[in-house]
file my_file06.txt (compact mmCIF, N, CA and C atoms)
# COMPACT_ATOMS: atom_id res chain seq x y z
N MET A 64 18.05 29.72 -10.50
CA MET A 64 17.45 28.44 -10.83
C MET A 64 17.46 28.29 -12.34
N ASN A 65 17.87 27.14 -12.84
CA ASN A 65 17.89 26.96 -14.28
C ASN A 65 16.54 26.46 -14.79
N ARG A 66 16.33 26.57 -16.07
CA ARG A 66 15.07 26.21 -16.70
C ARG A 66 14.78 24.72 -16.56
N ARG A 67 15.78 23.86 -16.63
CA ARG A 67 15.59 22.41 -16.56
C ARG A 67 14.95 21.99 -15.24
N SER A 68 15.36 22.57 -14.11
CA SER A 68 14.85 22.17 -12.81
C SER A 68 13.37 22.51 -12.66
N LEU A 69 12.87 23.46 -13.43
CA LEU A 69 11.46 23.80 -13.35
C LEU A 69 10.58 22.91 -14.21
N THR A 70 11.12 22.33 -15.24
CA THR A 70 10.30 21.58 -16.19
C THR A 70 10.32 20.08 -15.96
N SER A 71 11.41 19.53 -15.48
CA SER A 71 11.46 18.08 -15.27
C SER A 71 12.48 17.75 -14.20
N PRO A 72 12.20 16.70 -13.45
CA PRO A 72 13.19 16.31 -12.44
C PRO A 72 14.45 15.80 -13.11
N SER A 73 15.56 16.02 -12.44
CA SER A 73 16.82 15.54 -13.00
C SER A 73 16.90 14.03 -12.82
N PRO A 74 17.57 13.34 -13.74
CA PRO A 74 17.67 11.89 -13.65
C PRO A 74 18.49 11.48 -12.43
N PRO A 75 18.19 10.31 -11.85
CA PRO A 75 18.97 9.87 -10.69
C PRO A 75 20.42 9.65 -11.07
N THR A 76 21.28 9.86 -10.11
CA THR A 76 22.69 9.65 -10.36
C THR A 76 22.97 8.16 -10.42
N LEU A 77 24.09 7.83 -11.02
CA LEU A 77 24.49 6.43 -11.12
C LEU A 77 24.68 5.82 -9.74
N ARG A 78 25.24 6.59 -8.82
CA ARG A 78 25.47 6.09 -7.46
C ARG A 78 24.14 5.78 -6.76
N ALA A 79 23.15 6.65 -6.89
CA ALA A 79 21.84 6.41 -6.27
C ALA A 79 21.16 5.19 -6.89
N THR A 80 21.25 5.06 -8.18
CA THR A 80 20.67 3.91 -8.86
C THR A 80 21.35 2.62 -8.42
N ALA A 81 22.66 2.65 -8.27
CA ALA A 81 23.40 1.47 -7.82
C ALA A 81 22.99 1.08 -6.41
N ARG A 82 22.82 2.07 -5.52
CA ARG A 82 22.40 1.77 -4.13
C ARG A 82 21.03 1.12 -4.10
N VAL A 83 20.09 1.64 -4.88
CA VAL A 83 18.75 1.06 -4.92
C VAL A 83 18.79 -0.35 -5.50
N THR A 84 19.58 -0.55 -6.53
CA THR A 84 19.70 -1.87 -7.15
C THR A 84 20.30 -2.88 -6.17
N VAL A 85 21.34 -2.49 -5.45
CA VAL A 85 21.97 -3.39 -4.47
C VAL A 85 20.97 -3.72 -3.36
N ALA A 86 20.24 -2.72 -2.87
CA ALA A 86 19.25 -2.97 -1.81
C ALA A 86 18.16 -3.91 -2.29
N LEU A 87 17.67 -3.71 -3.50
CA LEU A 87 16.62 -4.57 -4.06
C LEU A 87 17.13 -6.00 -4.23
N LEU A 88 18.33 -6.16 -4.75
CA LEU A 88 18.88 -7.51 -4.92
C LEU A 88 19.08 -8.20 -3.58
N ALA A 89 19.53 -7.47 -2.57
CA ALA A 89 19.70 -8.06 -1.23
C ALA A 89 18.36 -8.49 -0.67
N PHE A 90 17.33 -7.68 -0.86
CA PHE A 90 15.99 -8.03 -0.39
C PHE A 90 15.49 -9.29 -1.10
N LEU A 91 15.59 -9.32 -2.42
CA LEU A 91 15.11 -10.47 -3.19
C LEU A 91 15.90 -11.73 -2.87
N ALA A 92 17.20 -11.61 -2.68
CA ALA A 92 18.01 -12.78 -2.33
C ALA A 92 17.57 -13.34 -0.99
N GLY A 93 17.22 -12.49 -0.07
CA GLY A 93 16.75 -12.94 1.24
C GLY A 93 15.42 -13.65 1.15
N GLN A 94 14.59 -13.30 0.18
CA GLN A 94 13.29 -13.92 0.05
C GLN A 94 13.37 -15.35 -0.45
N THR A 95 14.39 -15.69 -1.19
CA THR A 95 14.47 -17.03 -1.76
C THR A 95 15.59 -17.86 -1.17
N SER A 96 16.23 -17.33 -0.14
CA SER A 96 17.36 -18.05 0.40
C SER A 96 16.92 -19.25 1.22
N PHE A 97 17.82 -20.19 1.40
CA PHE A 97 17.57 -21.33 2.26
C PHE A 97 17.86 -20.89 3.68
N ALA A 98 16.81 -20.59 4.41
CA ALA A 98 16.96 -20.00 5.73
C ALA A 98 17.43 -21.02 6.75
N GLY A 99 17.98 -20.51 7.82
CA GLY A 99 18.42 -21.36 8.91
C GLY A 99 17.31 -21.63 9.89
N ASP A 100 17.63 -22.35 10.95
CA ASP A 100 16.65 -22.61 11.99
C ASP A 100 16.11 -21.30 12.54
N GLY A 101 14.83 -21.28 12.87
CA GLY A 101 14.22 -20.10 13.43
C GLY A 101 13.54 -19.22 12.41
N ASP A 102 13.76 -19.44 11.15
CA ASP A 102 13.13 -18.64 10.10
C ASP A 102 12.06 -19.50 9.43
N VAL A 103 10.80 -19.11 9.59
CA VAL A 103 9.71 -19.91 9.03
C VAL A 103 9.41 -19.58 7.58
N THR A 104 10.01 -18.51 7.05
CA THR A 104 9.73 -18.17 5.67
C THR A 104 10.50 -19.09 4.73
N GLY A 105 9.94 -19.28 3.55
CA GLY A 105 10.62 -20.08 2.54
C GLY A 105 9.64 -20.87 1.71
N LEU A 106 10.20 -21.61 0.78
CA LEU A 106 9.40 -22.42 -0.11
C LEU A 106 9.67 -23.89 0.19
N PHE A 107 8.60 -24.64 0.37
CA PHE A 107 8.67 -26.05 0.73
C PHE A 107 7.88 -26.82 -0.33
N SER A 108 8.49 -27.83 -0.95
CA SER A 108 7.82 -28.46 -2.08
C SER A 108 8.18 -29.93 -2.23
N THR A 109 7.18 -30.70 -2.59
CA THR A 109 7.39 -32.10 -3.00
C THR A 109 6.81 -32.33 -4.39
N PHE A 110 6.39 -31.27 -5.06
CA PHE A 110 5.82 -31.44 -6.40
C PHE A 110 6.81 -32.18 -7.30
N ARG A 111 6.27 -33.12 -8.07
CA ARG A 111 7.08 -33.82 -9.07
C ARG A 111 6.18 -34.25 -10.21
N LEU A 112 6.79 -34.42 -11.36
CA LEU A 112 6.09 -34.81 -12.57
C LEU A 112 6.30 -36.29 -12.81
N SER A 113 5.21 -37.01 -13.05
CA SER A 113 5.31 -38.43 -13.37
C SER A 113 5.72 -38.56 -14.84
N GLY A 114 6.80 -39.29 -15.07
CA GLY A 114 7.29 -39.47 -16.43
C GLY A 114 6.34 -40.23 -17.32
N LYS A 115 5.61 -41.18 -16.75
CA LYS A 115 4.71 -42.02 -17.55
C LYS A 115 3.40 -41.33 -17.87
N SER A 116 2.73 -40.83 -16.83
CA SER A 116 1.38 -40.29 -17.03
C SER A 116 1.36 -38.80 -17.31
N GLY A 117 2.42 -38.09 -16.91
CA GLY A 117 2.42 -36.64 -17.05
C GLY A 117 1.69 -35.94 -15.91
N ASP A 118 1.24 -36.72 -14.91
CA ASP A 118 0.55 -36.15 -13.75
C ASP A 118 1.55 -35.46 -12.84
N ILE A 119 1.05 -34.49 -12.09
CA ILE A 119 1.84 -33.81 -11.08
C ILE A 119 1.32 -34.24 -9.72
N SER A 120 2.25 -34.64 -8.84
CA SER A 120 1.82 -35.03 -7.50
C SER A 120 2.69 -34.33 -6.46
N GLY A 121 2.13 -34.19 -5.26
CA GLY A 121 2.85 -33.56 -4.16
C GLY A 121 2.16 -32.31 -3.68
N ALA A 122 2.92 -31.47 -3.00
CA ALA A 122 2.39 -30.24 -2.43
C ALA A 122 3.47 -29.18 -2.43
N GLU A 123 3.02 -27.93 -2.39
CA GLU A 123 3.95 -26.81 -2.32
C GLU A 123 3.35 -25.75 -1.40
N ILE A 124 4.17 -25.26 -0.48
CA ILE A 124 3.77 -24.22 0.46
C ILE A 124 4.86 -23.17 0.48
N HIS A 125 4.47 -21.92 0.23
CA HIS A 125 5.41 -20.81 0.24
C HIS A 125 4.99 -19.87 1.36
N VAL A 126 5.78 -19.79 2.42
CA VAL A 126 5.48 -18.94 3.57
C VAL A 126 6.22 -17.62 3.38
N VAL A 127 5.45 -16.52 3.46
CA VAL A 127 6.00 -15.19 3.24
C VAL A 127 5.52 -14.23 4.33
N PRO A 128 6.33 -13.20 4.63
CA PRO A 128 5.86 -12.20 5.59
C PRO A 128 4.83 -11.30 4.94
N ASN A 129 3.95 -10.74 5.76
CA ASN A 129 3.02 -9.73 5.30
C ASN A 129 2.98 -8.62 6.37
N PRO A 130 2.31 -7.50 6.13
CA PRO A 130 2.33 -6.41 7.11
C PRO A 130 1.79 -6.77 8.50
N LYS A 131 0.97 -7.82 8.59
CA LYS A 131 0.38 -8.20 9.88
C LYS A 131 0.95 -9.48 10.45
N GLY A 132 1.90 -10.12 9.77
CA GLY A 132 2.47 -11.38 10.25
C GLY A 132 2.99 -12.22 9.10
N TYR A 133 2.28 -13.32 8.80
CA TYR A 133 2.71 -14.23 7.74
C TYR A 133 1.51 -14.73 6.95
N SER A 134 1.77 -15.07 5.69
CA SER A 134 0.80 -15.74 4.82
C SER A 134 1.51 -16.91 4.18
N ALA A 135 0.71 -17.83 3.65
CA ALA A 135 1.26 -18.93 2.87
C ALA A 135 0.43 -19.10 1.61
N ILE A 136 1.12 -19.42 0.53
CA ILE A 136 0.46 -19.81 -0.70
C ILE A 136 0.53 -21.33 -0.70
N VAL A 137 -0.62 -21.99 -0.68
CA VAL A 137 -0.66 -23.45 -0.58
C VAL A 137 -1.26 -24.02 -1.86
N GLN A 138 -0.71 -25.17 -2.29
CA GLN A 138 -1.20 -25.84 -3.49
C GLN A 138 -0.80 -27.30 -3.39
N ALA A 139 -1.73 -28.20 -3.69
CA ALA A 139 -1.44 -29.63 -3.67
C ALA A 139 -1.98 -30.25 -4.96
N SER A 140 -1.46 -31.44 -5.26
CA SER A 140 -1.85 -32.09 -6.50
C SER A 140 -1.77 -33.60 -6.38
N GLU A 141 -2.77 -34.25 -6.90
CA GLU A 141 -2.75 -35.70 -7.11
C GLU A 141 -3.25 -35.93 -8.52
N GLY A 142 -2.44 -35.53 -9.48
CA GLY A 142 -2.80 -35.63 -10.89
C GLY A 142 -2.81 -34.25 -11.52
N THR A 143 -3.81 -33.46 -11.15
CA THR A 143 -3.93 -32.09 -11.64
C THR A 143 -3.78 -31.15 -10.46
N PRO A 144 -2.92 -30.14 -10.56
CA PRO A 144 -2.72 -29.22 -9.43
C PRO A 144 -3.99 -28.46 -9.07
N GLY A 145 -4.17 -28.24 -7.76
CA GLY A 145 -5.25 -27.38 -7.30
C GLY A 145 -4.91 -25.93 -7.58
N PHE A 146 -5.85 -25.06 -7.24
CA PHE A 146 -5.62 -23.63 -7.40
C PHE A 146 -4.78 -23.12 -6.24
N PRO A 147 -3.73 -22.33 -6.49
CA PRO A 147 -2.97 -21.76 -5.38
C PRO A 147 -3.89 -20.90 -4.52
N GLU A 148 -3.77 -21.03 -3.22
CA GLU A 148 -4.62 -20.28 -2.31
C GLU A 148 -3.77 -19.61 -1.23
N VAL A 149 -4.08 -18.36 -0.93
CA VAL A 149 -3.38 -17.63 0.12
C VAL A 149 -4.14 -17.80 1.43
N VAL A 150 -3.42 -18.24 2.47
CA VAL A 150 -4.01 -18.41 3.79
C VAL A 150 -3.17 -17.66 4.82
N ASP A 151 -3.81 -17.20 5.89
CA ASP A 151 -3.10 -16.56 6.99
C ASP A 151 -2.36 -17.63 7.79
N VAL A 152 -1.20 -17.27 8.31
CA VAL A 152 -0.38 -18.20 9.09
C VAL A 152 -0.10 -17.59 10.46
N LEU A 153 -0.35 -18.36 11.52
CA LEU A 153 0.04 -17.96 12.86
C LEU A 153 1.40 -18.59 13.14
N VAL A 154 2.33 -17.80 13.67
CA VAL A 154 3.69 -18.29 13.90
C VAL A 154 4.08 -18.06 15.35
N LYS A 155 4.67 -19.08 15.94
CA LYS A 155 5.28 -18.96 17.27
C LYS A 155 6.57 -19.74 17.22
N GLY A 156 7.70 -19.01 17.21
CA GLY A 156 9.00 -19.66 17.09
C GLY A 156 9.13 -20.31 15.73
N THR A 157 9.35 -21.62 15.72
CA THR A 157 9.47 -22.35 14.45
C THR A 157 8.21 -23.15 14.14
N THR A 158 7.15 -22.88 14.90
CA THR A 158 5.88 -23.57 14.67
C THR A 158 4.93 -22.65 13.92
N LEU A 159 4.24 -23.20 12.95
CA LEU A 159 3.24 -22.42 12.23
C LEU A 159 1.93 -23.19 12.18
N VAL A 160 0.85 -22.43 12.08
CA VAL A 160 -0.50 -23.00 12.00
C VAL A 160 -1.26 -22.23 10.93
N PHE A 161 -1.94 -22.95 10.05
CA PHE A 161 -2.81 -22.31 9.07
C PHE A 161 -4.03 -23.19 8.85
N THR A 162 -5.09 -22.59 8.33
CA THR A 162 -6.33 -23.31 8.08
C THR A 162 -6.69 -23.20 6.61
N VAL A 163 -6.96 -24.34 6.00
CA VAL A 163 -7.47 -24.39 4.63
C VAL A 163 -8.99 -24.41 4.75
N PRO A 164 -9.67 -23.43 4.16
CA PRO A 164 -11.12 -23.33 4.34
C PRO A 164 -11.90 -24.42 3.60
N VAL A 165 -13.10 -24.68 4.11
CA VAL A 165 -14.02 -25.58 3.42
C VAL A 165 -14.32 -24.97 2.06
N GLY A 166 -14.36 -25.78 1.05
CA GLY A 166 -14.60 -25.29 -0.30
C GLY A 166 -13.34 -24.87 -1.04
N SER A 167 -12.19 -25.03 -0.42
CA SER A 167 -10.92 -24.68 -1.06
C SER A 167 -10.67 -25.58 -2.26
N ALA A 168 -10.14 -24.99 -3.31
CA ALA A 168 -9.77 -25.76 -4.50
C ALA A 168 -8.26 -25.92 -4.59
N SER A 169 -7.56 -25.77 -3.43
CA SER A 169 -6.10 -25.81 -3.39
C SER A 169 -5.53 -27.21 -3.56
N GLY A 170 -6.35 -28.24 -3.33
CA GLY A 170 -5.85 -29.61 -3.35
C GLY A 170 -5.61 -30.15 -1.95
N PHE A 171 -5.53 -29.27 -0.94
CA PHE A 171 -5.40 -29.68 0.45
C PHE A 171 -6.80 -29.92 1.02
N SER A 172 -6.93 -30.91 1.89
CA SER A 172 -8.20 -31.13 2.59
C SER A 172 -8.46 -29.95 3.50
N PRO A 173 -9.73 -29.53 3.62
CA PRO A 173 -10.04 -28.45 4.55
C PRO A 173 -9.68 -28.82 5.98
N GLY A 174 -9.26 -27.85 6.75
CA GLY A 174 -8.93 -28.07 8.15
C GLY A 174 -7.70 -27.31 8.57
N THR A 175 -7.29 -27.56 9.80
CA THR A 175 -6.14 -26.86 10.39
C THR A 175 -4.88 -27.71 10.25
N TYR A 176 -3.80 -27.07 9.83
CA TYR A 176 -2.51 -27.70 9.64
C TYR A 176 -1.51 -27.08 10.61
N ASN A 177 -0.72 -27.92 11.26
CA ASN A 177 0.35 -27.48 12.16
C ASN A 177 1.67 -27.92 11.53
N GLY A 178 2.66 -27.06 11.61
CA GLY A 178 3.94 -27.40 11.03
C GLY A 178 5.10 -26.95 11.89
N THR A 179 6.20 -27.65 11.74
CA THR A 179 7.45 -27.27 12.38
C THR A 179 8.48 -27.06 11.27
N VAL A 180 9.10 -25.87 11.28
CA VAL A 180 10.04 -25.50 10.24
C VAL A 180 11.46 -25.66 10.76
N THR A 181 12.31 -26.28 9.92
CA THR A 181 13.74 -26.38 10.19
C THR A 181 14.48 -25.90 8.96
N LYS A 182 15.80 -25.90 9.03
CA LYS A 182 16.55 -25.50 7.84
C LYS A 182 16.39 -26.53 6.72
N GLU A 183 16.01 -27.77 7.07
CA GLU A 183 15.80 -28.81 6.05
C GLU A 183 14.44 -28.72 5.38
N GLY A 184 13.41 -28.28 6.13
CA GLY A 184 12.09 -28.25 5.54
C GLY A 184 10.98 -28.04 6.54
N LEU A 185 9.78 -28.46 6.15
CA LEU A 185 8.56 -28.28 6.93
C LEU A 185 7.93 -29.63 7.20
N ARG A 186 7.79 -29.99 8.49
CA ARG A 186 7.07 -31.19 8.90
C ARG A 186 5.64 -30.75 9.17
N LEU A 187 4.71 -31.24 8.35
CA LEU A 187 3.33 -30.79 8.38
C LEU A 187 2.43 -31.88 8.97
N HIS A 188 1.53 -31.47 9.83
CA HIS A 188 0.52 -32.36 10.41
C HIS A 188 -0.83 -31.77 10.10
N GLY A 189 -1.59 -32.47 9.25
CA GLY A 189 -2.90 -31.98 8.82
C GLY A 189 -4.03 -32.77 9.42
N PRO A 190 -5.25 -32.44 9.00
CA PRO A 190 -6.43 -33.05 9.60
C PRO A 190 -6.61 -34.53 9.25
N ARG A 191 -6.23 -34.94 8.06
CA ARG A 191 -6.41 -36.33 7.65
C ARG A 191 -5.81 -36.51 6.25
N GLY A 192 -5.81 -37.74 5.81
CA GLY A 192 -5.39 -38.01 4.45
C GLY A 192 -3.89 -37.94 4.24
N LEU A 193 -3.54 -37.73 3.00
CA LEU A 193 -2.14 -37.74 2.58
C LEU A 193 -1.28 -36.74 3.35
N TYR A 194 -1.83 -35.60 3.70
CA TYR A 194 -1.03 -34.55 4.36
C TYR A 194 -1.21 -34.55 5.87
N GLY A 195 -1.65 -35.67 6.44
CA GLY A 195 -1.80 -35.82 7.88
C GLY A 195 -0.46 -35.78 8.60
N ASP A 196 0.56 -36.36 8.01
CA ASP A 196 1.94 -36.33 8.53
C ASP A 196 2.84 -36.35 7.32
N TYR A 197 3.40 -35.19 6.98
CA TYR A 197 4.02 -35.02 5.67
C TYR A 197 5.23 -34.11 5.79
N PHE A 198 6.32 -34.44 5.10
CA PHE A 198 7.52 -33.60 5.09
C PHE A 198 7.72 -32.97 3.73
N LEU A 199 7.91 -31.66 3.72
CA LEU A 199 8.19 -30.91 2.50
C LEU A 199 9.58 -30.27 2.65
N PRO A 200 10.54 -30.66 1.83
CA PRO A 200 11.88 -30.07 1.92
C PRO A 200 11.88 -28.63 1.38
N ARG A 201 12.85 -27.85 1.88
CA ARG A 201 13.08 -26.51 1.32
C ARG A 201 13.70 -26.70 -0.06
N LYS A 202 13.13 -26.10 -1.06
CA LYS A 202 13.70 -26.16 -2.40
C LYS A 202 13.03 -25.15 -3.31
N ARG A 203 13.52 -25.05 -4.50
CA ARG A 203 12.92 -24.15 -5.48
C ARG A 203 11.54 -24.66 -5.84
N SER A 204 10.73 -23.74 -6.33
CA SER A 204 9.38 -24.09 -6.75
C SER A 204 9.42 -25.01 -7.97
N PHE A 205 8.51 -25.93 -8.01
CA PHE A 205 8.33 -26.79 -9.17
C PHE A 205 8.04 -25.95 -10.41
N TRP A 206 7.40 -24.81 -10.21
CA TRP A 206 6.97 -23.96 -11.32
C TRP A 206 8.08 -23.06 -11.85
N GLN A 207 9.25 -23.04 -11.23
CA GLN A 207 10.33 -22.19 -11.71
C GLN A 207 11.12 -22.86 -12.79
call {"tool": "encode", "arguments": {"input": "my_file06.txt", "output": "structure tokens"}}
result
Amino acid sequence: MNRRSLTSPSPPTLRATARVTVALLAFLAGQTSFAGDGDVTGLFSTFRLSGKSGDISGAEIHVVPNPKGYSAIVQASEGTPGFPEVVDVLVKGTTLVFTVPVGSASGFSPGTYNGTVTKEGLRLHGPRGLYGDYFLPRKRSFWQ
């Protein structure tokens, strides 16, 4: 045994580093890709900036997998954006359901939202108001 192996681990080989890099890039590319039918994950957004007032209006929902199922980061705005909020999502096929709690500062009205996901976007049906029947296309985040 040489002295180096006892004092410090040897650096990873170039081949091992390349494999990890390729795997990480494939994973990240899958997270932001425009998914096909049957995949409820993705980013759905109608956020836009008003040229005259500088206000931001619309909504953004990012559905992501978690160890127990799915979560969504939800945020809406009618002038000033609400605080992004993480909510649990129930999924069955291409249908998703989530609840925005009372007291939420996300910009969404409290209540239960039902959605149908397609490769084009998310058709959302909420409790009332602006997001009672609303379409959010799949696209990059307004914040990117």
call {"tool": "atom_distance", "arguments": {"input": "my_file06.txt", "atom1": "atom C of Asp118 of chain A", "atom2": "atom N of Tyr197 of chain A"}}
result
19.9 Å
call {"tool": "atom_distance", "arguments": {"input": "my_file06.txt", "atom1": "atom CA of Gly105 of chain A", "atom2": "atom C of Ser140 of chain A"}}
result
20.4 Å
call {"tool": "atom_distance", "arguments": {"input": "my_file06.txt", "atom1": "atom CA of Ile124 of chain A", "atom2": "atom CA of Gly166 of chain A"}}
result
18.4 Å
call {"tool": "closest_residue", "arguments": {"input": "my_file06.txt", "among": "A:Asp151, A:Val165, A:Arg186, A:Phe198", "to": "Asn129 of chain A", "atoms": "only C-alpha atoms"}}
result
A:Asp151
call {"tool": "closest_residue", "arguments": {"input": "my_file06.txt", "among": "A:Ala135, A:Thr158, A:Asp102, A:Gly142", "to": "Gly117 of chain A", "atoms": "all atoms listed in the file"}}
result
A:Gly142
call {"tool": "residues_around", "arguments": {"input": "my_file06.txt", "residues": "segment 200-206 of chain A", "least_positions_apart": "2", "cutoff": "6 Å", "atoms": "only N, CA and C atoms", "output": "ChimeraX atom specification"}}
result
/A:106-110,183-185,198
